[in-house]
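Asker: Got a structure for you, coords.cif, holding mmCIF, C-alpha atoms.
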data_coords
#
loop_
_atom_site.label_atom_id
_atom_site.label_comp_id
_atom_site.auth_asym_id
_atom_site.auth_seq_id
_atom_site.Cartn_x
_atom_site.Cartn_y
_atom_site.Cartn_z
CA MET A 17 -37.80 -28.55 -54.55
CA ASN A 18 -36.53 -24.99 -54.13
CA ASP A 19 -38.90 -22.69 -52.19
CA PHE A 20 -39.10 -20.29 -55.15
CA TYR A 21 -40.74 -22.99 -57.25
CA LYS A 22 -43.44 -23.50 -54.60
CA LEU A 23 -44.75 -19.96 -55.10
CA LYS A 24 -47.79 -19.07 -57.18
CA ALA A 25 -49.66 -15.97 -58.28
CA THR A 26 -52.78 -15.01 -60.20
CA THR A 27 -52.50 -13.45 -63.67
CA LEU A 28 -54.54 -10.42 -64.72
CA GLN A 29 -56.75 -12.85 -66.60
CA GLY A 30 -57.54 -14.65 -63.33
CA ASN A 31 -55.48 -17.77 -63.98
CA GLU A 32 -53.26 -19.37 -61.35
CA PHE A 33 -49.61 -19.38 -62.36
CA THR A 34 -47.35 -21.83 -60.53
CA PHE A 35 -43.69 -20.95 -60.32
CA GLU A 36 -42.78 -24.62 -60.72
CA SER A 37 -43.16 -23.93 -64.45
CA LEU A 38 -40.17 -21.54 -64.22
CA GLN A 39 -37.61 -24.25 -63.47
CA GLY A 40 -34.54 -23.85 -65.65
CA LYS A 41 -35.36 -20.24 -66.56
CA THR A 42 -33.78 -16.96 -65.55
CA VAL A 43 -36.52 -14.77 -64.08
CA ILE A 44 -36.89 -11.03 -63.53
CA ILE A 45 -39.68 -10.08 -61.13
CA VAL A 46 -40.65 -6.41 -60.99
CA ASN A 47 -43.30 -4.42 -59.14
CA THR A 48 -44.89 -2.07 -61.67
CA ALA A 49 -47.17 0.96 -61.85
CA SER A 50 -48.78 2.66 -64.83
CA LYS A 51 -48.59 6.24 -63.55
CA CYS A 52 -45.02 6.29 -62.25
CA GLY A 53 -42.04 8.25 -63.55
CA PHE A 54 -40.38 4.87 -64.17
CA THR A 55 -43.31 3.44 -66.18
CA THR A 56 -41.31 3.84 -69.39
CA GLN A 57 -39.14 0.99 -68.07
CA TYR A 58 -41.83 -1.31 -69.46
CA GLU A 59 -40.24 -0.61 -72.87
CA GLY A 60 -36.78 -1.65 -71.73
CA LEU A 61 -38.11 -4.72 -69.95
CA GLU A 62 -40.00 -5.76 -73.07
CA LYS A 63 -36.85 -5.32 -75.19
CA LEU A 64 -34.88 -7.53 -72.79
CA TYR A 65 -37.67 -10.09 -72.86
CA GLN A 66 -37.82 -10.16 -76.66
CA LYS A 67 -34.05 -10.39 -76.98
CA TYR A 68 -33.55 -13.19 -74.45
CA LYS A 69 -36.82 -15.11 -74.07
CA ASN A 70 -35.62 -17.82 -76.46
CA LYS A 71 -32.52 -18.21 -74.27
CA GLY A 72 -34.57 -18.84 -71.14
CA LEU A 73 -35.49 -15.38 -69.78
CA ILE A 74 -38.94 -14.66 -68.42
CA ILE A 75 -40.14 -11.42 -66.86
CA LEU A 76 -43.05 -11.27 -64.42
CA GLY A 77 -44.72 -7.92 -63.72
CA PHE A 78 -46.66 -7.31 -60.52
CA PRO A 79 -48.70 -4.08 -60.47
CA CYS A 80 -48.73 -2.35 -57.09
CA ASN A 81 -50.62 0.72 -55.88
CA GLN A 82 -48.69 1.24 -52.62
CA PHE A 83 -46.57 4.16 -53.81
CA LEU A 84 -48.56 7.39 -54.18
CA ASN A 85 -51.48 5.50 -55.78
CA GLN A 86 -49.57 5.17 -59.05
CA GLU A 87 -51.44 2.01 -60.10
CA PRO A 88 -55.10 2.91 -59.50
CA GLY A 89 -56.53 0.84 -62.36
CA ASN A 90 -58.30 -2.49 -62.50
CA ALA A 91 -57.19 -5.59 -64.41
CA THR A 92 -58.67 -4.32 -67.69
CA SER A 93 -57.06 -0.87 -67.57
CA ILE A 94 -53.71 -2.35 -66.49
CA THR A 95 -53.80 -4.84 -69.36
CA GLU A 96 -54.73 -2.17 -71.88
CA GLY A 97 -52.08 0.24 -70.59
CA CYS A 98 -49.29 -2.35 -70.72
CA LEU A 99 -50.26 -3.64 -74.13
CA LEU A 100 -51.29 -0.45 -75.90
CA ASN A 101 -48.72 1.94 -74.47
CA TYR A 102 -45.69 -0.35 -74.20
CA GLY A 103 -46.38 -3.53 -76.19
CA VAL A 104 -45.78 -5.72 -73.13
CA THR A 105 -45.98 -9.43 -73.91
CA PHE A 106 -44.48 -10.87 -70.72
CA PRO A 107 -46.89 -12.03 -67.99
CA ILE A 108 -48.55 -9.40 -65.80
CA PHE A 109 -50.25 -10.44 -62.58
CA ASN A 110 -53.07 -9.16 -60.39
CA LYS A 111 -52.38 -6.02 -58.44
CA ILE A 112 -50.65 -6.87 -55.16
CA GLU A 113 -48.97 -5.30 -52.14
CA VAL A 114 -45.20 -5.54 -51.80
CA ASN A 115 -44.87 -4.15 -48.26
CA GLY A 116 -46.83 -4.40 -45.05
CA PRO A 117 -49.09 -7.06 -43.54
CA ASN A 118 -50.74 -7.92 -46.89
CA CYS A 119 -47.45 -8.36 -48.74
CA HIS A 120 -47.78 -10.98 -51.47
CA PRO A 121 -45.86 -14.23 -50.75
CA VAL A 122 -43.67 -13.73 -53.84
CA PHE A 123 -42.37 -10.43 -52.49
CA LYS A 124 -42.08 -11.75 -48.93
CA PHE A 125 -39.80 -14.44 -50.32
CA LEU A 126 -37.76 -12.07 -52.49
CA LYS A 127 -37.30 -9.42 -49.79
CA HIS A 128 -36.19 -12.08 -47.33
CA GLN A 129 -33.62 -13.40 -49.81
CA LEU A 130 -32.32 -10.06 -51.10
CA SER A 131 -32.50 -7.04 -48.83
CA GLY A 132 -32.08 -3.62 -50.36
CA PHE A 133 -30.97 -0.16 -49.28
CA LEU A 134 -33.90 0.09 -46.85
CA GLY A 135 -33.52 -3.44 -45.55
CA SER A 136 -36.21 -5.81 -46.71
CA HIS A 137 -38.62 -2.96 -47.53
CA ILE A 138 -39.42 -2.18 -51.19
CA LYS A 139 -38.60 1.47 -51.71
CA TRP A 140 -40.57 2.24 -54.88
CA ASN A 141 -42.11 0.97 -58.11
CA PHE A 142 -39.91 -0.92 -60.56
CA THR A 143 -37.69 -2.66 -58.02
CA LYS A 144 -36.33 -5.60 -60.00
CA PHE A 145 -35.28 -9.02 -58.68
CA VAL A 146 -33.30 -11.53 -60.73
CA ILE A 147 -33.64 -15.25 -60.02
CA ASN A 148 -31.21 -17.70 -61.62
CA LYS A 149 -32.01 -20.99 -63.38
CA GLU A 150 -31.84 -22.84 -60.06
CA GLY A 151 -34.54 -20.65 -58.51
CA ILE A 152 -32.12 -18.66 -56.35
CA PRO A 153 -32.55 -14.87 -56.13
CA VAL A 154 -29.16 -13.49 -57.13
CA LYS A 155 -29.52 -9.73 -57.62
CA ARG A 156 -31.80 -6.85 -56.73
CA PHE A 157 -31.86 -3.74 -58.92
CA ALA A 158 -33.09 -0.38 -57.66
CA PRO A 159 -36.07 1.38 -59.26
CA ILE A 160 -33.74 3.91 -60.90
CA THR A 161 -31.79 1.16 -62.69
CA LYS A 162 -32.99 1.04 -66.27
CA PRO A 163 -33.46 -2.43 -67.79
CA GLU A 164 -30.75 -1.69 -70.37
CA ARG A 165 -28.22 -1.44 -67.52
CA MET A 166 -29.22 -4.94 -66.38
CA GLU A 167 -28.54 -6.56 -69.74
CA ASN A 168 -24.90 -7.56 -69.23
CA PHE A 169 -25.75 -9.23 -65.92
CA ILE A 170 -28.76 -11.02 -67.41
CA ALA A 171 -26.78 -12.23 -70.41
CA SER A 172 -24.02 -13.53 -68.13
CA ILE A 173 -26.35 -15.80 -66.15
CA LEU A 174 -28.46 -17.14 -69.02
#
Using structure tokens, write down the structure that the file contains.
Answerer:
Amino acid sequence: MNDFYKLKATTLQGNEFTFESLQGKTVIIVNTASKCGFTTQYEGLEKLYQKYKNKGLIILGFPCNQFLNQEPGNATSITEGCLLNYGVTFPIFNKIEVNGPNCHPVFKFLKHQLSGFLGSHIKWNFTKFVINKEGIPVKRFAPITKPERMENFIASIL
């Protein structure tokens, strides 16, 4: 089994989510923050999700407070912010770290597979990783890349 499918994470509701359930799906994984200049990207991500979820797309959001404390909230406030402000229906996970010694295993894996401008380091909130149907990370999008600009690539690998 592909290493990607061996990963797991905990949802905001406290449930364990095993990535084995993602086999055969195209996945976007993004580190998020509710008080970031890019937070409006939740809207674009949700639009992509709604448009392509029936074709096998899933988006996984991972709140992170490592960049200027832009995700200070707890699970309840993160859930409310995502749902009330942006109508997010894709899975959101517990707040994690994406850099440093406490980096979550999902982001350790992704950074190892797809280095960015600063090497394997995550530069900022809303770094987006795309994993194909075989569980292989195939593209990394910078925080400044709006979800709408990812659509052609996503559609081409579904």
Asker: Counting all atoms listed in the file, which residues in range 31-91 of chain A sit no more than 7 Å from range 148-151 of chain A? For each one, give the nearest pair of atoms and the distance in Å, sorted by chain then residue number, as a Markdown table.
Answerer:
| residue | atom | partner | partner_atom | distance |
| --- | --- | --- | --- | --- |
| A:Gln39 | CA | A:Lys149 | CA | 6.5 |
| A:Gly40 | CA | A:Lys149 | CA | 4.4 |
| A:Lys41 | CA | A:Lys149 | CA | 4.7 |
| A:Thr42 | CA | A:Asn148 | CA | 4.8 |
| A:Val43 | CA | A:Asn148 | CA | 6.5 |
Asker: Once the PyMOL selection byres ((chain A and resi 125) around 12) has been evaluated on this model, what residues remain selected, and can you format them as a PDB file with C-alpha atoms, keeping the file's coordinate frame?
Answerer:
ATOM      1  CA  ASN A  18     -36.530 -24.990 -54.130  1.00  0.00           C
ATOM      2  CA  ASP A  19     -38.900 -22.690 -52.190  1.00  0.00           C
ATOM      3  CA  PHE A  20     -39.100 -20.290 -55.150  1.00  0.00           C
ATOM      4  CA  TYR A  21     -40.740 -22.990 -57.250  1.00  0.00           C
ATOM      5  CA  LYS A  22     -43.440 -23.500 -54.600  1.00  0.00           C
ATOM      6  CA  LEU A  23     -44.750 -19.960 -55.100  1.00  0.00           C
ATOM      7  CA  LYS A  24     -47.790 -19.070 -57.180  1.00  0.00           C
ATOM      8  CA  ILE A  45     -39.680 -10.080 -61.130  1.00  0.00           C
ATOM      9  CA  VAL A 114     -45.200  -5.540 -51.800  1.00  0.00           C
ATOM     10  CA  ASN A 115     -44.870  -4.150 -48.260  1.00  0.00           C
ATOM     11  CA  CYS A 119     -47.450  -8.360 -48.740  1.00  0.00           C
ATOM     12  CA  HIS A 120     -47.780 -10.980 -51.470  1.00  0.00           C
ATOM     13  CA  PRO A 121     -45.860 -14.230 -50.750  1.00  0.00           C
ATOM     14  CA  VAL A 122     -43.670 -13.730 -53.840  1.00  0.00           C
ATOM     15  CA  PHE A 123     -42.370 -10.430 -52.490  1.00  0.00           C
ATOM     16  CA  LYS A 124     -42.080 -11.750 -48.930  1.00  0.00           C
ATOM     17  CA  LEU A 126     -37.760 -12.070 -52.490  1.00  0.00           C
ATOM     18  CA  LYS A 127     -37.300  -9.420 -49.790  1.00  0.00           C
ATOM     19  CA  HIS A 128     -36.190 -12.080 -47.330  1.00  0.00           C
ATOM     20  CA  GLN A 129     -33.620 -13.400 -49.810  1.00  0.00           C
ATOM     21  CA  LEU A 130     -32.320 -10.060 -51.100  1.00  0.00           C
ATOM     22  CA  SER A 131     -32.500  -7.040 -48.830  1.00  0.00           C
ATOM     23  CA  SER A 136     -36.210  -5.810 -46.710  1.00  0.00           C
ATOM     24  CA  HIS A 137     -38.620  -2.960 -47.530  1.00  0.00           C
ATOM     25  CA  PHE A 145     -35.280  -9.020 -58.680  1.00  0.00           C
ATOM     26  CA  ILE A 147     -33.640 -15.250 -60.020  1.00  0.00           C
ATOM     27  CA  GLY A 151     -34.540 -20.650 -58.510  1.00  0.00           C
ATOM     28  CA  ILE A 152     -32.120 -18.660 -56.350  1.00  0.00           C
ATOM     29  CA  PRO A 153     -32.550 -14.870 -56.130  1.00  0.00           C
TER      30      PRO A 153
END
Asker: Calculate how many Å separate CA of Lys144 in chain A from CA of Phe157 in chain A, rounding to one decimal.
Answerer: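 Here the two named atoms are 5.0 Å from each other.
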Asker: Would you work out the distance separating CA of Thr143 in chain A from CA of Thr56 in chain A, expressed in Å to one decimal?
Answerer: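 Between these atoms lies a distance of 13.6 Å.
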Asker: Restricting the calculation to all atoms listed in the file: of A:Pro159, A:Gln86, A:Ile74, A:Phe54, which residue gets closest to Trp140 in chain A?
Answerer: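 Among the listed residues, A:Pro159 lies closest to Trp140 in chain A.
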Asker: With only C-alpha atoms as the basis for distance, which of A:Gly30, A:Pro163, A:Gly72, A:Pro117 is at the shortest distance from Gly60 in chain A?
Answerer: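 Of A:Gly30, A:Pro163, A:Gly72, A:Pro117, the one nearest Gly60 in chain A is A:Pro163, counting only C-alpha atoms.
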